[in-house]
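Here the structure comes first, spelled out in structure tokens, and everything after it is commentary.
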Amino acid sequence: MSSRRLPHIDVLKALAAQVIVLHHLVSYGPIARAAHDALPLLAGAMHQYGRMAVQVFLVVGGYLSARGLSPRGGALRAAVPELLWRRYLRLTLPFLAALVLTLAACGVVASSWPELVPTGVSAGQLLAHALLLHDVLGYEALTVGAWYVAIDLQLFACLVGLLWLARSGWRHPSRLLVAPLLVAGLALASAFVFNRDTSLDAYAPYFFAAYGLGALVHWLGLWRHRRLGFVMLAVAFGAALALDWRDRLALALATALWLAWAEARHAQGRPLLPGRWGPALAAWSTPSYALFLLHFPVLLLTNALLASLTDASPETGLMLLVVTWALANWLALPFHRRIEAPAARLDPLAWLPRLRAA
């Protein structure tokens, strides 16, 4: 694999993706019931805590976005509409492809497993999903994880907006000042205020604490007083946790601090893992978004298969859980190569010629 890959990022993405898939496998349908019957403690823990792996993706997303938009701490250079349109295409085209597969699977399993099959899907609901506004407009999600795709776009738009606001301040003697301060301000506002109000969970400010932590890890890593910066970051977010403890925010802070440590080792030429692990990590990490999108339609079909079996034992359910996990990981590879990767390579200016002139 390319030496440009970041092994510590690959580790986080690969692990978080697998935890989220396993969380869903023990949360829906006959397969989940079989897992809880056979392994009650393990399945219960994965059901209760596995969803928190999303915090890892939020931190990593903020880090990678800041690294891509402002790799050396410089000002935002690309046009804002182009950035947002490119991100929208990259997220939405694979999401809609997976949604089509999910709805097709729902049609197959409707008779055997009706409790998770949406009824009366409307044109407005489909349009809201295409625009990533389903939660904002109050539509029921048609697939698991749909909320995350919408929030990812909102968070990216917030970061781009803050970088755009900071453009006028980049002549300051310390160029690493304006945008990081704006991001830190919104991240702390999220940690102390927005993230404590669950009624805001359809909007980016609720999640910006984790996303902002990732962005700040990148920028603080460029500062010569980075250790002091990370101590201040830990103290500030520790105060938010002391005010109102939240497991998900604690995990986001721990992920950010671990990422800072791993990034420092990488910069010093001290790899996190032996070099031979690089290709394996990349193979598990690269299709993580495809796996996130694709595993639910696979789970629908295998749950329908288990429901059709008479007197199926918990061991049979566990076997199908393993089959579902393996099949979803296998199918994620061609989905990434044929759908997700081409969507990421699309030229948004070719779609919207007026932006090129702007």
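Residues in the structure tokens are numbered from 1 in each chain, the chains being A, B, ... in the order shown, and ligands are numbered from 1 in the order shown.
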Set the distance at 8 Å and use only C-alpha atoms: which residues neighbour stretch 19-35 of chain A once local chain neighbours fewer than 3 positions away are removed? I'd like the list as a short mmCIF file (atom, residue, chain, number, x, y, z; two decimals) with N, CA and C atoms, in the first residue's frame.
data_model
loop_
_atom_site.label_atom_id
_atom_site.label_comp_id
_atom_site.auth_asym_id
_atom_site.auth_seq_id
_atom_site.Cartn_x
_atom_site.Cartn_y
_atom_site.Cartn_z
N LEU A 15 -11.22 -1.04 13.35
CA LEU A 15 -11.82 -1.55 14.58
C LEU A 15 -13.23 -0.98 14.79
N ALA A 16 -13.38 0.33 14.58
CA ALA A 16 -14.69 0.95 14.81
C ALA A 16 -15.74 0.38 13.86
N ALA A 38 -27.25 -17.45 23.41
CA ALA A 38 -26.03 -18.26 23.47
C ALA A 38 -24.92 -17.57 24.27
N LEU A 39 -24.78 -16.26 24.08
CA LEU A 39 -23.70 -15.50 24.75
C LEU A 39 -24.28 -14.24 25.37
N PRO A 40 -25.04 -14.37 26.45
CA PRO A 40 -25.78 -13.22 26.97
C PRO A 40 -24.90 -12.05 27.41
N ALA A 43 -23.00 -10.54 24.12
CA ALA A 43 -23.98 -9.90 23.24
C ALA A 43 -24.61 -8.68 23.91
N GLY A 44 -24.88 -8.79 25.22
CA GLY A 44 -25.45 -7.65 25.93
C GLY A 44 -24.52 -6.46 25.97
N MET A 46 -22.07 -5.82 23.81
CA MET A 46 -21.95 -5.27 22.46
C MET A 46 -23.19 -4.48 22.08
N HIS A 47 -24.36 -4.96 22.50
CA HIS A 47 -25.60 -4.24 22.21
C HIS A 47 -25.64 -2.90 22.92
N TYR A 49 -22.99 -1.09 24.37
CA TYR A 49 -21.86 -0.16 24.22
C TYR A 49 -21.30 -0.08 22.80
N GLY A 50 -21.65 -1.02 21.94
CA GLY A 50 -21.06 -1.03 20.61
C GLY A 50 -21.34 0.21 19.80
N ARG A 51 -22.50 0.81 20.02
CA ARG A 51 -22.86 2.00 19.24
C ARG A 51 -21.90 3.17 19.48
N ALA A 53 -18.87 3.23 19.23
CA ALA A 53 -17.76 3.25 18.27
C ALA A 53 -17.93 4.35 17.24
N VAL A 54 -19.15 4.85 17.08
CA VAL A 54 -19.37 5.98 16.17
C VAL A 54 -18.53 7.18 16.58
N TRP A 113 -40.23 -11.27 8.17
CA TRP A 113 -39.66 -10.44 9.24
C TRP A 113 -40.20 -9.01 9.09
N LEU A 291 -18.71 -0.95 4.19
CA LEU A 291 -19.21 -1.94 5.15
C LEU A 291 -20.32 -1.35 6.02
N PHE A 292 -20.12 -0.13 6.46
CA PHE A 292 -21.12 0.56 7.28
C PHE A 292 -22.46 0.65 6.55
N HIS A 295 -23.88 -3.56 5.38
CA HIS A 295 -24.11 -4.74 6.22
C HIS A 295 -25.59 -4.92 6.58
N PHE A 296 -26.39 -3.84 6.59
CA PHE A 296 -27.77 -3.99 7.03
C PHE A 296 -28.62 -4.78 6.03
N LEU A 299 -27.84 -8.28 6.64
CA LEU A 299 -28.44 -8.74 7.89
C LEU A 299 -29.94 -9.02 7.73
N ASN A 303 -31.33 -12.75 8.49
CA ASN A 303 -32.36 -12.87 9.52
C ASN A 303 -33.61 -13.54 8.98
N LEU A 306 -32.97 -17.23 8.86
CA LEU A 306 -33.08 -17.87 10.16
C LEU A 306 -34.54 -17.97 10.60
N ALA A 307 -35.32 -16.92 10.32
CA ALA A 307 -36.73 -16.94 10.70
C ALA A 307 -37.50 -18.03 9.96
N SER A 313 -31.71 -23.62 16.51
CA SER A 313 -31.06 -23.51 17.81
C SER A 313 -30.26 -22.21 17.89
N PRO A 314 -29.91 -21.77 19.12
CA PRO A 314 -29.04 -20.60 19.26
C PRO A 314 -27.72 -20.77 18.53
N GLU A 315 -27.23 -22.02 18.48
CA GLU A 315 -25.97 -22.26 17.76
C GLU A 315 -26.12 -21.98 16.27
N THR A 316 -27.28 -22.32 15.72
CA THR A 316 -27.54 -22.01 14.30
C THR A 316 -27.55 -20.51 14.09
N GLY A 317 -28.18 -19.79 15.03
CA GLY A 317 -28.19 -18.33 14.94
C GLY A 317 -26.80 -17.74 15.01
N LEU A 318 -25.95 -18.30 15.90
CA LEU A 318 -24.57 -17.82 15.99
C LEU A 318 -23.81 -18.08 14.69
N LEU A 320 -25.08 -18.20 11.71
CA LEU A 320 -25.54 -17.22 10.73
C LEU A 320 -25.01 -15.83 11.05
N LEU A 321 -24.80 -15.54 12.33
CA LEU A 321 -24.17 -14.25 12.68
C LEU A 321 -22.78 -14.16 12.07
N TRP A 325 -21.53 -11.55 9.16
CA TRP A 325 -20.36 -10.69 9.32
C TRP A 325 -19.36 -10.90 8.19
#
Would you please extract all helix (DSSP H, G or I) residues from stretch 64-146 of chain A, as assigned by DSSP on the backbone, and give them as a JSON list (two decimals) with C-alpha atoms, in the first residue's frame?
[["chain", "number", "residue", "atom", "x", "y", "z"],
["A", 64, "LEU", "CA", -8.98, 13.89, 8.32],
["A", 65, "SER", "CA", -11.15, 16.83, 7.29],
["A", 66, "ALA", "CA", -8.86, 19.35, 9.01],
["A", 67, "ARG", "CA", -5.83, 17.61, 7.54],
["A", 68, "GLY", "CA", -7.34, 17.78, 4.06],
["A", 69, "LEU", "CA", -8.68, 21.33, 4.23],
["A", 80, "VAL", "CA", -16.87, 26.51, -0.39],
["A", 81, "PRO", "CA", -19.64, 25.37, -2.80],
["A", 82, "GLU", "CA", -17.22, 23.01, -4.53],
["A", 83, "LEU", "CA", -16.11, 21.48, -1.23],
["A", 84, "LEU", "CA", -19.66, 20.94, -0.02],
["A", 85, "TRP", "CA", -20.88, 19.53, -3.32],
["A", 86, "ARG", "CA", -17.92, 17.15, -3.53],
["A", 87, "ARG", "CA", -18.56, 15.94, 0.01],
["A", 88, "TYR", "CA", -22.27, 15.54, -0.69],
["A", 89, "LEU", "CA", -21.60, 13.36, -3.75],
["A", 90, "ARG", "CA", -18.99, 11.30, -1.95],
["A", 91, "LEU", "CA", -21.37, 10.53, 0.91],
["A", 92, "THR", "CA", -24.72, 10.38, -0.83],
["A", 93, "LEU", "CA", -24.14, 8.34, -3.97],
["A", 94, "PRO", "CA", -22.91, 5.24, -2.07],
["A", 95, "PHE", "CA", -25.58, 5.83, 0.58],
["A", 96, "LEU", "CA", -28.37, 5.87, -2.01],
["A", 97, "ALA", "CA", -26.98, 2.75, -3.70],
["A", 98, "ALA", "CA", -26.99, 0.95, -0.35],
["A", 99, "LEU", "CA", -30.48, 2.28, 0.37],
["A", 100, "VAL", "CA", -31.75, 0.74, -2.88],
["A", 101, "LEU", "CA", -30.26, -2.59, -1.82],
["A", 102, "THR", "CA", -31.84, -2.23, 1.62],
["A", 103, "LEU", "CA", -35.29, -1.54, 0.20],
["A", 104, "ALA", "CA", -34.91, -4.50, -2.17],
["A", 105, "ALA", "CA", -33.99, -6.71, 0.77],
["A", 106, "CYS", "CA", -37.00, -5.37, 2.68],
["A", 107, "GLY", "CA", -39.21, -6.49, -0.18],
["A", 108, "VAL", "CA", -37.75, -9.98, 0.01],
["A", 109, "VAL", "CA", -38.12, -10.37, 3.78],
["A", 114, "PRO", "CA", -42.14, -7.54, 9.06],
["A", 115, "GLU", "CA", -41.13, -5.68, 12.23],
["A", 116, "LEU", "CA", -38.14, -3.95, 10.62],
["A", 123, "ALA", "CA", -41.70, 10.09, -2.31],
["A", 124, "GLY", "CA", -41.10, 12.80, 0.28],
["A", 125, "GLN", "CA", -39.31, 10.33, 2.53],
["A", 126, "LEU", "CA", -37.07, 9.19, -0.32],
["A", 127, "LEU", "CA", -36.31, 12.79, -1.30],
["A", 128, "ALA", "CA", -35.49, 13.64, 2.30],
["A", 129, "HIS", "CA", -33.01, 10.74, 2.38],
["A", 130, "ALA", "CA", -31.47, 11.86, -0.92],
["A", 146, "ALA", "CA", -28.68, 6.94, 7.91]]
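Once A:Tyr203 and its same-chain neighbours fewer than 4 positions away are set aside, Asp135, Val136, Ala150, Ile151, Gln154, Leu155 and Phe207 of chain A remain within 9 Å of it when counting only C-alpha atoms.
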**Study point:** Which of A:Val322, A:Leu12, A:Ala187, A:Ala202 sits closest to A:Leu132 [using only C-alpha atoms]
**Key:** A:Ala202
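Between A:Val160 and the candidates A:Ala264, A:Ala332, A:Val121, A:Leu76, the tightest atom-to-atom separation, counting only C-alpha atoms, involves A:Leu76.
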Revision key, fill the gap. One decimal place gives the atom CA of A:Val183-atom CA of A:Leu58 separation as 14.4 Å
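For the set A:Arg338, A:Arg226, A:Arg246, A:Arg77, the residue with the smallest atom-to-atom gap to A:Gln55 is A:Arg246, counting only C-alpha atoms.
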